[in-house]
Amino acid sequence: MFSKFKLGLIAFLTVGLLAACTTESPTSNGDDETDASGDDGEVHIGLAVSTQNNPFFVTLREGAEDKAEELGVEITVVDAQDDAATQLSSIEDLVQQDVDVLVVNPTDSEAVITAVETANEADIPVVTVDRSADGGEVVAHIASDNVAGGEMAGDFIAEQLGGEGNVVELEGIPGSSAARERGEGFHNSVDAQDGINVVAQQPADFDRAEGLTVMENIIQSGEEFDAVFAHNDEMALGAVRALESAGMDDVIVVGFDATDDAVEAVEAGEMDATIAQQPIVIGEQGIETALSIAEGESVEDFIPVDLELVTQ
Amino acid sequence: MRGQSLGQVMQKLGPVLGLLAIVIVLSIMSPQFLSLDNLLTMLRQVTIIALLAFGMTFVILTGGIDLSVGSTLALAGALTAGMMASGLDPILAVLLGVLAGAVMGAFNGVVIAKGKVAPFIATLATMTIFRGLTLVYTDGRPVTGFTDSQAFDLIGRGYLFGIPIPVIIMFVIFFILLLILKKTVFGRHVYAIGGNEEASILSGIKVNRVKIGVYSLTGALAALAGIILTSRLGSASPNAGFTYELDAIAAVVLGGTSLAGGRGWIFGTLIGALIIGVLNNGLNLLGVSSNYQQIVKGAVILLAVLLDRQKSS
């Protein structure tokens with residue numbers, strides 16, 4: 001049995017231990033001795049992409065890598081495989097490597113905050129591309145004007161339907177800024193038009209297989225509709241497969257991103273339109289902006305990249 | 001450790017030597033690798049997989065497998081975040097979250113022990129059930145907006161004397177589990193069941209009770225991992241922990257525990273988890289493309305198992 005003295009001692013030690021807890025990283029306070037490795041004259045940029053399982057982000061990475069080579073900048077790319085924890089780990093690894101600027105394409109706008117803060121603590125400036133971060137200090141955000149793109153898609157569908165018809169919306173990963181903004185733009189357009197009704201609205205997580213399944217389910221539900229707007233091409237292409245097997249070839253399908261597959265599908269008449277984001281330009285712009293920051297120039301905090309409507 | 005043959009000693013030394021070899025190669029190739037800061041970062045990254053793998057070790061020792069740990073992690077993380085978001089005290093929410101994980105694990109255990117369902121099938125089913133429940137509970141969206149509690153922040157992001165708190169939690173749990181396996185009746189029964197279940201039943205071991213206990217423990221540890229992850233990220237994602245069960249199983253196997261059950265040790269699992277963590281961290285430091293990283297990881301696992309076969313044959 002514990003004596004009162006021992007119990008007291010344990011309590012004292014426990015309280016002491018708890019009081020010693022802190023959320024402050026022990027190495028966060030500007031000890032810049034490791035900076036020597038970064039001072040070899042060459043700028044080193046870390047690029048953290050959300051996934052390489054989606055052609056859009058592959059193109060974005062290629063744009064960034066080509067630009068880095070052109071500008072003579074060293075670049076290290078890490079891939080989160082769509083997992084927020086993996087992204088955090090790999091960004092920590094980039095911070096350990098003491099990159100000069102970090103370019104992040106978040107998997108999730110909220111969950112990336114810890115990673116951005118980790119870079120902030122190490123005094124590494126952060127640029128976000130495509131998806132934004134909901135917290136931490138970000139010097140610049142580079143992305144397509146997704147709201148404008150969503151409006152473009154809505155306007156195109158309304159025009160094709162002659163201002164009258166039912167539309168299905170396949171949404172992206174819930175909570176991602178791309179899904180929010182594209183949806184917002186789309187609704188800005190169609191909600192303002194009395195003849196156009198959004199009859200079904202379901203997330204398919206930016207994924208082709210998921211797009212196929214969700215579309216099949218909507219078709220099964222017996223809902224009548226004339227057009228589909230998907231927050232990205234992968235889902236749109238999934239939806240096209242579902243519509244084809246149901247013999248509903250006349251439904252208008254509009255995607256977003258203008259990936260190679262989607263542009264081909266538009267040319268072949270399987271899809272009606274896609275909104276061209278320019279992932280190459282986003283990647284290039286990411287590296288150019290990061291280099292400007294490394295060289296001490298000031299940059300705009302939001303750098304929009306133009307979109308265009310791709311039709312047959 | 002008396003009376004071990006050379007082969008057995010080698011079997012135990014193998015994972016340690018493997019880890020050392022990888023560490024030596026990486027520290028030569030990357031100057032940052034051996035810095036204290038990087039090692040602590042790497043240890044913190046390992047915590048999640050290690051906690052899952054510790055539980056998995058118990059399960060595999062009984063001759064079972066638990067594919068549901070990744071989903072348990074997600075559901076417990078989301079429940080804990082949700083409870084806090086609705087105003088529950090963070091410490092109470094964490095305890096209830098761990099309890100929820102234990103209940104999910106106990107469900108696995110009951111289905112496997114009483115229902116006589118093969119562990120692979122039972123936990124394959126609960127893997128999708130728990131993931132589905134997570135999606136239903138979160139409505140497919142990350143649970144956020146509960147981060148004002150400092151006590152909760154400490155779990156994933158805190159430091160004690162410069163050491164990340166998740167790392168401290170990992171080592172404390174490791175020593176507790178080590179004691180349970182080595183010094184308790186329960187621990188001996190875990191080995192006995194995996195060695196020969198029939199004989200265990202005949203010798204009066206309450207096999208069902210031990211199995212349910214083992215799966216509950218694994219569930220609770222997965223929940224703890226989920227809570228640490230939620231605190232780390234400040235957000236509970238419905239697809240958190242996706243395919244983590246595979247990393248956990250890989251860590252156990254890398255550590256030299258036999259998938260047939262009855263033979264293995266938890267220290268090996270710690271080493272196995274470290275090998276996975278060191279590889280992830282080191283390959284990132286070296287700037288190896290993530291596509292190649294997956295191939296390297298797979299090859300290392302294959303190599304380890306092949307070497308293991310050679311030694312034990």
# chains A, B, ... in the order shown; residues from 1 in each chain; ligands from 1

call {"tool": "interface_residues", "arguments": {"of": "chain A", "to": "chain B", "cutoff": "6 Å", "atoms": "only C-alpha atoms", "output": "PDB file with C-alpha atoms, in the first residue's frame"}}
result
ATOM      1  CA  ALA A  20       5.958  20.721 -18.320  1.00  0.00           C
ATOM      2  CA  CYS A  21       3.801  19.848 -21.322  1.00  0.00           C
ATOM      3  CA  THR A  22       3.801  22.370 -24.134  1.00  0.00           C
ATOM      4  CA  THR A  23       2.642  22.613 -27.709  1.00  0.00           C
ATOM      5  CA  PRO A  26      11.588  22.712 -28.926  1.00  0.00           C
ATOM      6  CA  THR A  76      11.679  17.796 -54.350  1.00  0.00           C
ATOM      7  CA  ASP A  79       2.904  12.724 -52.813  1.00  0.00           C
ATOM      8  CA  ALA A 111      -6.286  19.126 -42.062  1.00  0.00           C
ATOM      9  CA  THR A 114      -0.899  21.642 -38.932  1.00  0.00           C
ATOM     10  CA  PRO A 174     -16.937  17.408 -49.327  1.00  0.00           C
TER      11      PRO A 174
END

call {"tool": "residues_around", "arguments": {"residues": "Val263 of chain A", "least_positions_apart": "4", "cutoff": "12 Å", "atoms": "only C-alpha atoms", "output": "list in words"}}
result
Asp233, Glu234, Ala236, Leu237, Val254, Gly255, Phe256, Asp257, Ala258, Thr259, Glu267, Ala268, Gly269, Glu270, Met271, Asp272, Ala273, Thr274, Ile275, Ala276, Gln277, Leu309, Val310, Thr311 and Gln312 of chain A

call {"tool": "closest_residue", "arguments": {"among": "B:Gly18, B:Gly101, B:Pro119, B:Pro90", "to": "Ile65 of chain B", "atoms": "only C-alpha atoms"}}
result
B:Pro119

call {"tool": "closest_residue", "arguments": {"among": "A:His44, A:Lys4, A:Arg61, A:Arg182", "to": "Phe229 of chain A", "atoms": "only C-alpha atoms"}}
result
A:Arg182

call {"tool": "atom_distance", "arguments": {"atom1": "atom CA of Asn232 of chain A", "atom2": "atom CA of Ala200 of chain A"}}
result
16.5 Å

call {"tool": "select_by_dssp", "arguments": {"residues": "segment 158-255 of chain B", "states": "strand (DSSP E or B)", "output": "ChimeraX atom specification"}}
result
/B:159-160,163-164,236

call {"tool": "write_last_selection", "arguments": {"atoms": "N, CA and C atoms", "output": "short mmCIF file (atom, residue, chain, number, x, y, z; two decimals), in the first residue's frame"}}
result
data_model
loop_
_atom_site.label_atom_id
_atom_site.label_comp_id
_atom_site.auth_asym_id
_atom_site.auth_seq_id
_atom_site.Cartn_x
_atom_site.Cartn_y
_atom_site.Cartn_z
N TYR B 159 4.70 18.62 -26.44
CA TYR B 159 6.04 18.14 -26.14
C TYR B 159 6.22 18.06 -24.63
N LEU B 160 6.98 17.09 -24.17
CA LEU B 160 7.36 17.03 -22.77
C LEU B 160 8.88 16.92 -22.73
N ILE B 163 10.38 16.11 -26.03
CA ILE B 163 9.99 14.89 -26.74
C ILE B 163 8.50 14.99 -27.09
N PRO B 164 8.15 14.72 -28.35
CA PRO B 164 6.74 14.79 -28.72
C PRO B 164 5.89 13.85 -27.85
N ALA B 236 -10.93 15.53 -38.02
CA ALA B 236 -11.13 14.09 -38.13
C ALA B 236 -11.71 13.79 -39.50
#

call {"tool": "select_by_dssp", "arguments": {"residues": "segment 42-178 of chain A", "states": "alpha helix (DSSP H)", "output": "number ranges by chain"}}
result
A: 55-71, 84-96, 113-121, 146-160, 177-178

call {"tool": "residues_around", "arguments": {"residues": "Leu88 of chain A", "least_positions_apart": "3", "cutoff": "6 Å", "atoms": "only C-alpha atoms", "output": "PyMOL selection string"}}
result
chain A and resi 85+91+115

call {"tool": "atom_distance", "arguments": {"atom1": "atom CA of Gly172 of chain A", "atom2": "atom CA of Gly238 of chain A"}}
result
13.0 Å

call {"tool": "residues_around", "arguments": {"residues": "Ser189 of chain A", "least_positions_apart": "2", "cutoff": "6 Å", "atoms": "only C-alpha atoms", "output": "number ranges by chain"}}
result
A: 151, 154, 186-187, 191-192

call {"tool": "closest_atom_pairs", "arguments": {"of": "segment 6-68 of chain B", "to": "segment 172-177 of chain B", "cutoff": "12 Å", "atoms": "only C-alpha atoms", "output": "tab-separated table"}}
result
residue	atom	partner	partner_atom	distance
B:Thr47	CA	B:Ile173	CA	10.7
B:Ala50	CA	B:Phe174	CA	9.0
B:Leu51	CA	B:Ile173	CA	8.1
B:Leu52	CA	B:Ile173	CA	11.4
B:Ala53	CA	B:Phe174	CA	10.6
B:Phe54	CA	B:Phe174	CA	7.5
B:Gly55	CA	B:Leu177	CA	8.9
B:Met56	CA	B:Leu177	CA	11.8
B:Thr57	CA	B:Leu177	CA	10.1
B:Phe58	CA	B:Leu177	CA	9.2

call {"tool": "write_last_selection", "arguments": {"atoms": "N, CA and C atoms", "output": "PDB file, in the first residue's frame"}}
result
ATOM      1  N   THR B  47       4.222   6.780 -34.713  1.00  0.00           N
ATOM      2  CA  THR B  47       3.310   6.487 -33.608  1.00  0.00           C
ATOM      3  C   THR B  47       2.025   5.792 -34.041  1.00  0.00           C
ATOM      4  N   ALA B  50       2.565   2.300 -35.291  1.00  0.00           N
ATOM      5  CA  ALA B  50       3.063   1.469 -34.193  1.00  0.00           C
ATOM      6  C   ALA B  50       1.915   1.042 -33.282  1.00  0.00           C
ATOM      7  N   LEU B  51       1.023   1.989 -32.923  1.00  0.00           N
ATOM      8  CA  LEU B  51      -0.082   1.646 -32.024  1.00  0.00           C
ATOM      9  C   LEU B  51      -0.989   0.597 -32.669  1.00  0.00           C
ATOM     10  N   LEU B  52      -1.260   0.768 -33.955  1.00  0.00           N
ATOM     11  CA  LEU B  52      -2.080  -0.231 -34.657  1.00  0.00           C
ATOM     12  C   LEU B  52      -1.354  -1.577 -34.671  1.00  0.00           C
ATOM     13  N   ALA B  53      -0.039  -1.525 -34.912  1.00  0.00           N
ATOM     14  CA  ALA B  53       0.733  -2.765 -35.049  1.00  0.00           C
ATOM     15  C   ALA B  53       0.887  -3.479 -33.704  1.00  0.00           C
ATOM     16  N   PHE B  54       0.949  -2.725 -32.598  1.00  0.00           N
ATOM     17  CA  PHE B  54       1.037  -3.361 -31.271  1.00  0.00           C
ATOM     18  C   PHE B  54      -0.179  -4.256 -31.051  1.00  0.00           C
ATOM     19  N   GLY B  55      -1.367  -3.686 -31.312  1.00  0.00           N
ATOM     20  CA  GLY B  55      -2.582  -4.478 -31.144  1.00  0.00           C
ATOM     21  C   GLY B  55      -2.590  -5.659 -32.098  1.00  0.00           C
ATOM     22  N   MET B  56      -2.178  -5.363 -33.351  1.00  0.00           N
ATOM     23  CA  MET B  56      -2.151  -6.407 -34.378  1.00  0.00           C
ATOM     24  C   MET B  56      -1.249  -7.569 -33.952  1.00  0.00           C
ATOM     25  N   THR B  57      -0.183  -7.272 -33.211  1.00  0.00           N
ATOM     26  CA  THR B  57       0.727  -8.325 -32.746  1.00  0.00           C
ATOM     27  C   THR B  57      -0.023  -9.330 -31.875  1.00  0.00           C
ATOM     28  N   PHE B  58      -0.826  -8.804 -30.928  1.00  0.00           N
ATOM     29  CA  PHE B  58      -1.613  -9.691 -30.062  1.00  0.00           C
ATOM     30  C   PHE B  58      -2.541 -10.560 -30.904  1.00  0.00           C
TER      31      PHE B  58
END

call {"tool": "residues_around", "arguments": {"residues": "segment 112-115 of chain B", "least_positions_apart": "3", "cutoff": "8 Å", "atoms": "only C-alpha atoms", "output": "count of residues only"}}
result
9

call {"tool": "residues_around", "arguments": {"residues": "Val49 of chain A", "least_positions_apart": "2", "cutoff": "8 Å", "atoms": "only C-alpha atoms", "output": "PyMOL selection string"}}
result
chain A and resi 47+51-52+57+61+77-80+104-107

call {"tool": "write_last_selection", "arguments": {"atoms": "C-alpha atoms", "output": "compact mmCIF listing (two decimals), in the first residue's frame"}}
result
# COMPACT_ATOMS: atom_id res chain seq x y z
CA LEU A 47 6.31 20.52 -53.69
CA THR A 51 -2.26 12.64 -55.16
CA GLN A 52 -0.67 11.27 -58.30
CA PHE A 57 -2.25 16.57 -60.41
CA ARG A 61 3.50 18.29 -61.06
CA VAL A 77 8.21 16.37 -54.90
CA VAL A 78 6.28 14.37 -52.29
CA ASP A 79 2.90 12.72 -52.81
CA ALA A 80 0.28 12.37 -50.06
CA VAL A 104 1.53 22.72 -51.09
CA ASN A 105 -1.43 21.27 -52.90
CA PRO A 106 -3.52 20.28 -49.83
CA THR A 107 -5.48 17.05 -49.61

call {"tool": "atom_distance", "arguments": {"atom1": "atom CA of Gly226 of chain B", "atom2": "atom CA of Leu73 of chain B"}}
result
4.3 Å

call {"tool": "closest_residue", "arguments": {"among": "B:Phe146, B:Lys116, B:Ile227, B:Leu270", "to": "Leu88 of chain B", "atoms": "only C-alpha atoms"}}
result
B:Phe146

call {"tool": "closest_residue", "arguments": {"among": "B:Tyr137, B:Phe130, B:Phe186, B:Tyr292", "to": "Gly82 of chain B", "atoms": "only C-alpha atoms"}}
result
B:Tyr137

call {"tool": "residues_around", "arguments": {"residues": "Ala106 of chain B", "least_positions_apart": "2", "cutoff": "8 Å", "atoms": "only C-alpha atoms", "output": "list in words"}}
result
Ala102, Val103, Met104, Asn108, Gly109, Val110, Ile212, Gly213, Tyr215, Ser216 and Gly219 of chain B

call {"tool": "closest_residue", "arguments": {"among": "B:Gly64, B:Gly195, B:Gly87, B:Gly272", "to": "Ile301 of chain B", "atoms": "only C-alpha atoms"}}
result
B:Gly272

call {"tool": "closest_residue", "arguments": {"among": "B:Arg131, B:Arg209, B:Lys297, B:Arg263", "to": "Pro238 of chain B", "atoms": "only C-alpha atoms"}}
result
B:Arg131

call {"tool": "decode", "arguments": {"residues": "segment 138-247 of chain B", "atoms": "C-alpha atoms", "output": "PDB file, in the first residue's frame"}}
result
ATOM      1  CA  THR B 138     -19.585  12.615 -40.379  1.00  0.00           C
ATOM      2  CA  ASP B 139     -21.888  12.949 -43.390  1.00  0.00           C
ATOM      3  CA  GLY B 140     -18.742  12.435 -45.476  1.00  0.00           C
ATOM      4  CA  ARG B 141     -17.185  15.661 -44.268  1.00  0.00           C
ATOM      5  CA  PRO B 142     -14.157  16.171 -42.012  1.00  0.00           C
ATOM      6  CA  VAL B 143     -15.167  17.011 -38.424  1.00  0.00           C
ATOM      7  CA  THR B 144     -13.498  20.269 -37.425  1.00  0.00           C
ATOM      8  CA  GLY B 145     -13.964  23.190 -35.103  1.00  0.00           C
ATOM      9  CA  PHE B 146     -13.222  21.543 -31.755  1.00  0.00           C
ATOM     10  CA  THR B 147      -9.634  22.714 -31.397  1.00  0.00           C
ATOM     11  CA  ASP B 148      -9.961  25.321 -28.661  1.00  0.00           C
ATOM     12  CA  SER B 149      -9.066  22.760 -25.981  1.00  0.00           C
ATOM     13  CA  GLN B 150      -5.404  22.903 -25.121  1.00  0.00           C
ATOM     14  CA  ALA B 151      -5.454  19.594 -23.279  1.00  0.00           C
ATOM     15  CA  PHE B 152      -6.616  17.898 -26.453  1.00  0.00           C
ATOM     16  CA  ASP B 153      -4.025  19.708 -28.590  1.00  0.00           C
ATOM     17  CA  LEU B 154      -1.281  18.338 -26.342  1.00  0.00           C
ATOM     18  CA  ILE B 155      -2.105  14.702 -27.193  1.00  0.00           C
ATOM     19  CA  GLY B 156      -0.979  15.012 -30.786  1.00  0.00           C
ATOM     20  CA  ARG B 157       1.056  18.205 -30.893  1.00  0.00           C
ATOM     21  CA  GLY B 158       2.510  18.566 -27.413  1.00  0.00           C
ATOM     22  CA  TYR B 159       6.043  18.140 -26.139  1.00  0.00           C
ATOM     23  CA  LEU B 160       7.359  17.035 -22.768  1.00  0.00           C
ATOM     24  CA  PHE B 161      10.999  17.929 -22.167  1.00  0.00           C
ATOM     25  CA  GLY B 162      11.435  18.315 -25.909  1.00  0.00           C
ATOM     26  CA  ILE B 163       9.985  14.885 -26.743  1.00  0.00           C
ATOM     27  CA  PRO B 164       6.735  14.795 -28.721  1.00  0.00           C
ATOM     28  CA  ILE B 165       3.900  13.513 -26.494  1.00  0.00           C
ATOM     29  CA  PRO B 166       2.686  10.948 -29.077  1.00  0.00           C
ATOM     30  CA  VAL B 167       6.160   9.375 -28.900  1.00  0.00           C
ATOM     31  CA  ILE B 168       5.949   9.204 -25.104  1.00  0.00           C
ATOM     32  CA  ILE B 169       2.481   7.642 -25.337  1.00  0.00           C
ATOM     33  CA  MET B 170       3.832   5.085 -27.810  1.00  0.00           C
ATOM     34  CA  PHE B 171       6.688   4.003 -25.530  1.00  0.00           C
ATOM     35  CA  VAL B 172       4.541   3.893 -22.377  1.00  0.00           C
ATOM     36  CA  ILE B 173       1.999   1.689 -24.179  1.00  0.00           C
ATOM     37  CA  PHE B 174       4.843  -0.442 -25.539  1.00  0.00           C
ATOM     38  CA  PHE B 175       6.206  -1.190 -22.055  1.00  0.00           C
ATOM     39  CA  ILE B 176       2.749  -1.923 -20.649  1.00  0.00           C
ATOM     40  CA  LEU B 177       2.050  -4.365 -23.499  1.00  0.00           C
ATOM     41  CA  LEU B 178       5.487  -5.926 -23.109  1.00  0.00           C
ATOM     42  CA  LEU B 179       4.716  -6.594 -19.434  1.00  0.00           C
ATOM     43  CA  ILE B 180       1.294  -7.995 -20.272  1.00  0.00           C
ATOM     44  CA  LEU B 181       2.765 -10.419 -22.812  1.00  0.00           C
ATOM     45  CA  LYS B 182       5.693 -11.519 -20.649  1.00  0.00           C
ATOM     46  CA  LYS B 183       4.438 -11.430 -17.087  1.00  0.00           C
ATOM     47  CA  THR B 184       0.718 -12.104 -17.068  1.00  0.00           C
ATOM     48  CA  VAL B 185      -1.402 -15.207 -17.429  1.00  0.00           C
ATOM     49  CA  PHE B 186      -3.290 -13.430 -20.191  1.00  0.00           C
ATOM     50  CA  GLY B 187      -0.046 -12.991 -22.129  1.00  0.00           C
ATOM     51  CA  ARG B 188       0.861 -16.660 -21.802  1.00  0.00           C
ATOM     52  CA  HIS B 189      -2.622 -17.648 -22.945  1.00  0.00           C
ATOM     53  CA  VAL B 190      -2.272 -15.430 -26.044  1.00  0.00           C
ATOM     54  CA  TYR B 191       0.809 -17.404 -27.072  1.00  0.00           C
ATOM     55  CA  ALA B 192      -0.787 -20.726 -26.122  1.00  0.00           C
ATOM     56  CA  ILE B 193      -3.908 -20.149 -28.251  1.00  0.00           C
ATOM     57  CA  GLY B 194      -1.836 -19.237 -31.298  1.00  0.00           C
ATOM     58  CA  GLY B 195       0.455 -22.208 -30.732  1.00  0.00           C
ATOM     59  CA  ASN B 196      -2.278 -24.796 -30.440  1.00  0.00           C
ATOM     60  CA  GLU B 197      -5.878 -23.782 -29.931  1.00  0.00           C
ATOM     61  CA  GLU B 198      -7.167 -27.334 -29.346  1.00  0.00           C
ATOM     62  CA  ALA B 199      -4.602 -27.967 -26.640  1.00  0.00           C
ATOM     63  CA  SER B 200      -5.414 -24.616 -25.042  1.00  0.00           C
ATOM     64  CA  ILE B 201      -9.095 -25.492 -24.826  1.00  0.00           C
ATOM     65  CA  LEU B 202      -8.234 -28.920 -23.356  1.00  0.00           C
ATOM     66  CA  SER B 203      -5.938 -27.368 -20.773  1.00  0.00           C
ATOM     67  CA  GLY B 204      -8.779 -25.193 -19.549  1.00  0.00           C
ATOM     68  CA  ILE B 205      -7.860 -21.845 -21.050  1.00  0.00           C
ATOM     69  CA  LYS B 206     -10.961 -19.717 -21.631  1.00  0.00           C
ATOM     70  CA  VAL B 207     -10.074 -19.264 -25.282  1.00  0.00           C
ATOM     71  CA  ASN B 208     -13.126 -17.181 -26.200  1.00  0.00           C
ATOM     72  CA  ARG B 209     -12.567 -14.768 -23.361  1.00  0.00           C
ATOM     73  CA  VAL B 210      -8.895 -14.301 -24.286  1.00  0.00           C
ATOM     74  CA  LYS B 211      -9.764 -13.723 -27.937  1.00  0.00           C
ATOM     75  CA  ILE B 212     -12.424 -11.132 -27.136  1.00  0.00           C
ATOM     76  CA  GLY B 213      -9.909  -9.455 -24.833  1.00  0.00           C
ATOM     77  CA  VAL B 214      -7.264  -9.369 -27.566  1.00  0.00           C
ATOM     78  CA  TYR B 215      -9.578  -7.816 -30.178  1.00  0.00           C
ATOM     79  CA  SER B 216     -10.899  -5.289 -27.628  1.00  0.00           C
ATOM     80  CA  LEU B 217      -7.334  -4.267 -26.811  1.00  0.00           C
ATOM     81  CA  THR B 218      -6.591  -3.842 -30.510  1.00  0.00           C
ATOM     82  CA  GLY B 219      -9.722  -1.743 -30.977  1.00  0.00           C
ATOM     83  CA  ALA B 220      -8.829   0.478 -28.033  1.00  0.00           C
ATOM     84  CA  LEU B 221      -5.297   1.011 -29.380  1.00  0.00           C
ATOM     85  CA  ALA B 222      -6.657   1.817 -32.856  1.00  0.00           C
ATOM     86  CA  ALA B 223      -9.002   4.351 -31.252  1.00  0.00           C
ATOM     87  CA  LEU B 224      -6.087   5.909 -29.360  1.00  0.00           C
ATOM     88  CA  ALA B 225      -4.194   6.169 -32.666  1.00  0.00           C
ATOM     89  CA  GLY B 226      -7.243   7.838 -34.210  1.00  0.00           C
ATOM     90  CA  ILE B 227      -7.449  10.334 -31.373  1.00  0.00           C
ATOM     91  CA  ILE B 228      -3.743  11.202 -31.661  1.00  0.00           C
ATOM     92  CA  LEU B 229      -4.166  11.655 -35.418  1.00  0.00           C
ATOM     93  CA  THR B 230      -7.236  13.842 -34.914  1.00  0.00           C
ATOM     94  CA  SER B 231      -5.320  16.010 -32.463  1.00  0.00           C
ATOM     95  CA  ARG B 232      -2.332  16.180 -34.834  1.00  0.00           C
ATOM     96  CA  LEU B 233      -4.442  17.284 -37.792  1.00  0.00           C
ATOM     97  CA  GLY B 234      -6.997  19.349 -35.902  1.00  0.00           C
ATOM     98  CA  SER B 235      -9.567  17.545 -38.007  1.00  0.00           C
ATOM     99  CA  ALA B 236     -11.128  14.086 -38.135  1.00  0.00           C
ATOM    100  CA  SER B 237     -11.336  12.965 -41.734  1.00  0.00           C
ATOM    101  CA  PRO B 238     -13.849  10.233 -42.647  1.00  0.00           C
ATOM    102  CA  ASN B 239     -11.209   8.558 -44.826  1.00  0.00           C
ATOM    103  CA  ALA B 240      -8.489   8.676 -42.173  1.00  0.00           C
ATOM    104  CA  GLY B 241      -6.547   5.460 -41.688  1.00  0.00           C
ATOM    105  CA  PHE B 242      -7.474   4.075 -45.088  1.00  0.00           C
ATOM    106  CA  THR B 243      -5.239   0.999 -45.777  1.00  0.00           C
ATOM    107  CA  TYR B 244      -3.343   1.537 -42.508  1.00  0.00           C
ATOM    108  CA  GLU B 245      -4.183  -2.056 -41.519  1.00  0.00           C
ATOM    109  CA  LEU B 246      -1.786  -3.164 -44.242  1.00  0.00           C
ATOM    110  CA  ASP B 247       1.078  -1.069 -42.837  1.00  0.00           C
TER     111      ASP B 247
END
